[in-house]
Amino acid sequence: MIDTDIRYPFWKSKPADVEATLDNAKLGKVHTLCKSAGGHTIRYITYGEPVDYNRQANYSSACGAKDTRYYADREGKRPTILLIGATHGQEMEGVAALMNLISLLETGLDLRGKAVPELTDAFIAADCRLVIIPIYNYDGRVRCLPDSMINEPIDFLRYHGQGTWKDGSLCGWPECKKIHPIKDAAGFLGAYYNDDGVNLMHDNFFIPMAEETKALMALCDKEAPECIIGLHGGDNCTSLLLQPAYVPLETKESVFRLASATAAYQEAAGLKSDVHPVSEHIGDPPPSFNLTTALHHICGAVSATYESNEGLSDIPNGFTAEEILMHHYCLFRALFELAWRK
Ligand SMILES: [Zn+2]
């Protein structure tokens with residue numbers, strides 16, 4: 001295993017890289033989200049001042065009053081956007097992309113030393129408040145020693161991601177979810193989980209197990225983002241936005257519009273693209289009410305999971321590090337340009 005950042009110097013996904021980036025930020029403001037289960041300090045960075053959306057009620061009550069403006073009156077106000085990296089600690093593609101985005105916002109150049117005017121111009125035009133959590137599942141990211149999955153086999157991803165059972169066999173996906181929290185059933189605890197074995201995508205959102213969950217839900221309630229993207233890795237999928245479950249049709253259509261705009265930029269750049277249609281998720285068992293859905297129901301955001309290609313070596317469709325970065329740039333550009341009016 002050779003660190004990816006030696007092969008690709010623009011690829012920075014290690015906790016030490018993130019901490020240095022946050023410590024050295026001059027334009028962004030750095031805040032503490034909470035302590036992880038393992039005692040790590042989870043930080044985030046914001047660009048733009050917080051926006052006063054004239055809160056009168058929580059989101060549920062505002063919906064009950066038949067006017068979401070009682071929760072957040074966004075008309076004529078700057079939009080707030082939230083980007084979340086590494087909800088699963090081994091999914092480091094988004095962390096690397098966020099380090100490049102922060103570099104662009106701080107210096108005008110990304111970690112390749114290149115300007116990306118179509119992206120930075122879109123950010124300036126959006127005139128948004130941008131909130132970035134580079135590493136949300138800090139415990140998992142610390143536990144995962146590799147700095148990417150690029151050129152690694154899928155069993156390497158499974159080991160570092162979902163971990164092993166007590167007999168040493170790989171937990172695998174989605175079987176890793178059948179025991180939760182998984183800590184006492186695990187041999188090697190994968191980076192999917194915090195140190196208590198909680199998969200932050202599948203906390204009990206009505207009675208949260210993890211401080212990370214409570215803190216993120218409180219942040220979303222306070223900030224009232226119009227769009228929240230959780231940046232994940234999806235082995236060698238063609239990077240795409242998943243349709244959220246249990247949200248209004250209008251929100252699903254907004255995700256579809258963002259996905260379509262992202263795909264248009266990907267195709268123009270000679271990259272592959274994939275867009276999931278709006279769907280009703282009819283079936284048994286039902287889809288999970290996961291973090292992406294929970295965050296919508298706190299603040300009404302267009303909330304979606306982005307699955308990045310991870311560049312694995314032994315299954316088809318592996319992207320290069322630069323392709324993975326470019327795919328994220330297309331997403332960010334589309335996000336800022338649509339920013340975000342439903
Ligand atoms: Zn994930």
# chains A, B, ... in the order shown; residues from 1 in each chain; ligands from 1

call {"tool": "residues_near_ligand", "arguments": {"ligand": "ligand 1", "cutoff": "10 Å", "atoms": "only C-alpha atoms and all ligand atoms", "output": "list in words"}}
result
Gly85, Ala86, Thr87, His88, Gly89, Gln90, Glu91, Met92, Gly161, Tyr192, Asn199, Leu200, Met201, Gly230, Leu231, His232, Gly233, Gly234, Asp235, Thr305, Tyr306, Glu307 and Ser308 of chain A

call {"tool": "residues_around", "arguments": {"residues": "Asn204 (chain A)", "least_positions_apart": "5", "cutoff": "12 Å", "atoms": "only C-alpha atoms", "output": "mmCIF file with N, CA and C atoms, in the first residue's frame"}}
result
data_model
loop_
_atom_site.group_PDB
_atom_site.id
_atom_site.type_symbol
_atom_site.label_atom_id
_atom_site.label_comp_id
_atom_site.auth_asym_id
_atom_site.auth_seq_id
_atom_site.Cartn_x
_atom_site.Cartn_y
_atom_site.Cartn_z
ATOM 1 N N HIS A 180 -26.646 -3.755 15.214
ATOM 2 C CA HIS A 180 -26.347 -2.328 15.375
ATOM 3 C C HIS A 180 -26.730 -1.870 16.773
ATOM 4 N N PRO A 181 -25.832 -1.268 17.530
ATOM 5 C CA PRO A 181 -24.424 -1.030 17.198
ATOM 6 C C PRO A 181 -23.655 -2.350 17.088
ATOM 7 N N VAL A 198 -21.511 2.623 16.227
ATOM 8 C CA VAL A 198 -22.718 3.187 15.613
ATOM 9 C C VAL A 198 -22.408 3.616 14.181
ATOM 10 N N ASN A 199 -23.221 3.144 13.257
ATOM 11 C CA ASN A 199 -23.188 3.607 11.872
ATOM 12 C C ASN A 199 -24.021 4.886 11.823
ATOM 13 N N MET A 209 -28.392 7.647 19.460
ATOM 14 C CA MET A 209 -27.379 6.946 20.238
ATOM 15 C C MET A 209 -26.095 7.769 20.316
ATOM 16 N N ALA A 210 -25.782 8.471 19.250
ATOM 17 C CA ALA A 210 -24.460 9.088 19.107
ATOM 18 C C ALA A 210 -24.512 10.600 19.312
ATOM 19 N N GLU A 211 -23.531 11.122 20.017
ATOM 20 C CA GLU A 211 -23.405 12.575 20.161
ATOM 21 C C GLU A 211 -23.221 13.228 18.794
ATOM 22 N N THR A 213 -24.618 12.436 16.068
ATOM 23 C CA THR A 213 -25.943 12.607 15.463
ATOM 24 C C THR A 213 -26.654 13.812 16.072
ATOM 25 N N LYS A 214 -26.645 13.886 17.393
ATOM 26 C CA LYS A 214 -27.336 15.000 18.053
ATOM 27 C C LYS A 214 -26.748 16.332 17.602
ATOM 28 N N SER A 288 -34.598 2.482 4.319
ATOM 29 C CA SER A 288 -34.338 2.950 5.682
ATOM 30 C C SER A 288 -34.601 4.453 5.788
ATOM 31 N N PHE A 289 -35.058 4.856 6.951
ATOM 32 C CA PHE A 289 -35.140 6.286 7.297
ATOM 33 C C PHE A 289 -33.745 6.628 7.812
ATOM 34 N N ASN A 290 -32.876 7.087 6.920
ATOM 35 C CA ASN A 290 -31.461 7.226 7.273
ATOM 36 C C ASN A 290 -31.102 8.685 7.579
ATOM 37 N N LEU A 291 -29.819 8.935 7.765
ATOM 38 C CA LEU A 291 -29.374 10.289 8.137
ATOM 39 C C LEU A 291 -29.816 11.318 7.108
ATOM 40 N N ALA A 294 -33.350 12.022 7.754
ATOM 41 C CA ALA A 294 -33.536 12.686 9.052
ATOM 42 C C ALA A 294 -33.181 14.168 8.955
#

call {"tool": "select_by_dssp", "arguments": {"residues": "region 89-214 of chain A", "states": "strand (DSSP E or B)", "output": "list in words"}}
result
Arg129, Leu130, Val131, Ile132, Ile133, Gly163, Thr164, Trp165, Leu170, Ala186, Gly187, Phe188, Leu189, Tyr193 and Asn199 of chain A

call {"tool": "atom_distance", "arguments": {"atom1": "CA of Lys12 (chain A)", "atom2": "CA of Leu242 (chain A)"}}
result
25.2 Å

call {"tool": "closest_residue", "arguments": {"among": "A:Thr120, A:Asn236, A:Asn194, A:Thr41", "to": "Asp314 (chain A)", "atoms": "only C-alpha atoms"}}
result
A:Asn236

call {"tool": "select_by_dssp", "arguments": {"residues": "region 120-285 of chain A", "states": "helix (DSSP H, G or I)", "output": "PyMOL selection string"}}
result
chain A and resi 120-126+138-143+154-161+175-178+183-185+200-202+211-223+249-268

call {"tool": "closest_residue", "arguments": {"among": "A:Cys176, A:Ala16, A:Ile282, A:Leu240", "to": "Leu145 (chain A)", "atoms": "only C-alpha atoms"}}
result
A:Ala16

call {"tool": "closest_residue", "arguments": {"among": "A:Val116, A:Cys330, A:Tyr193, A:Ser36", "to": "Glu212 (chain A)", "atoms": "only C-alpha atoms"}}
result
A:Ser36
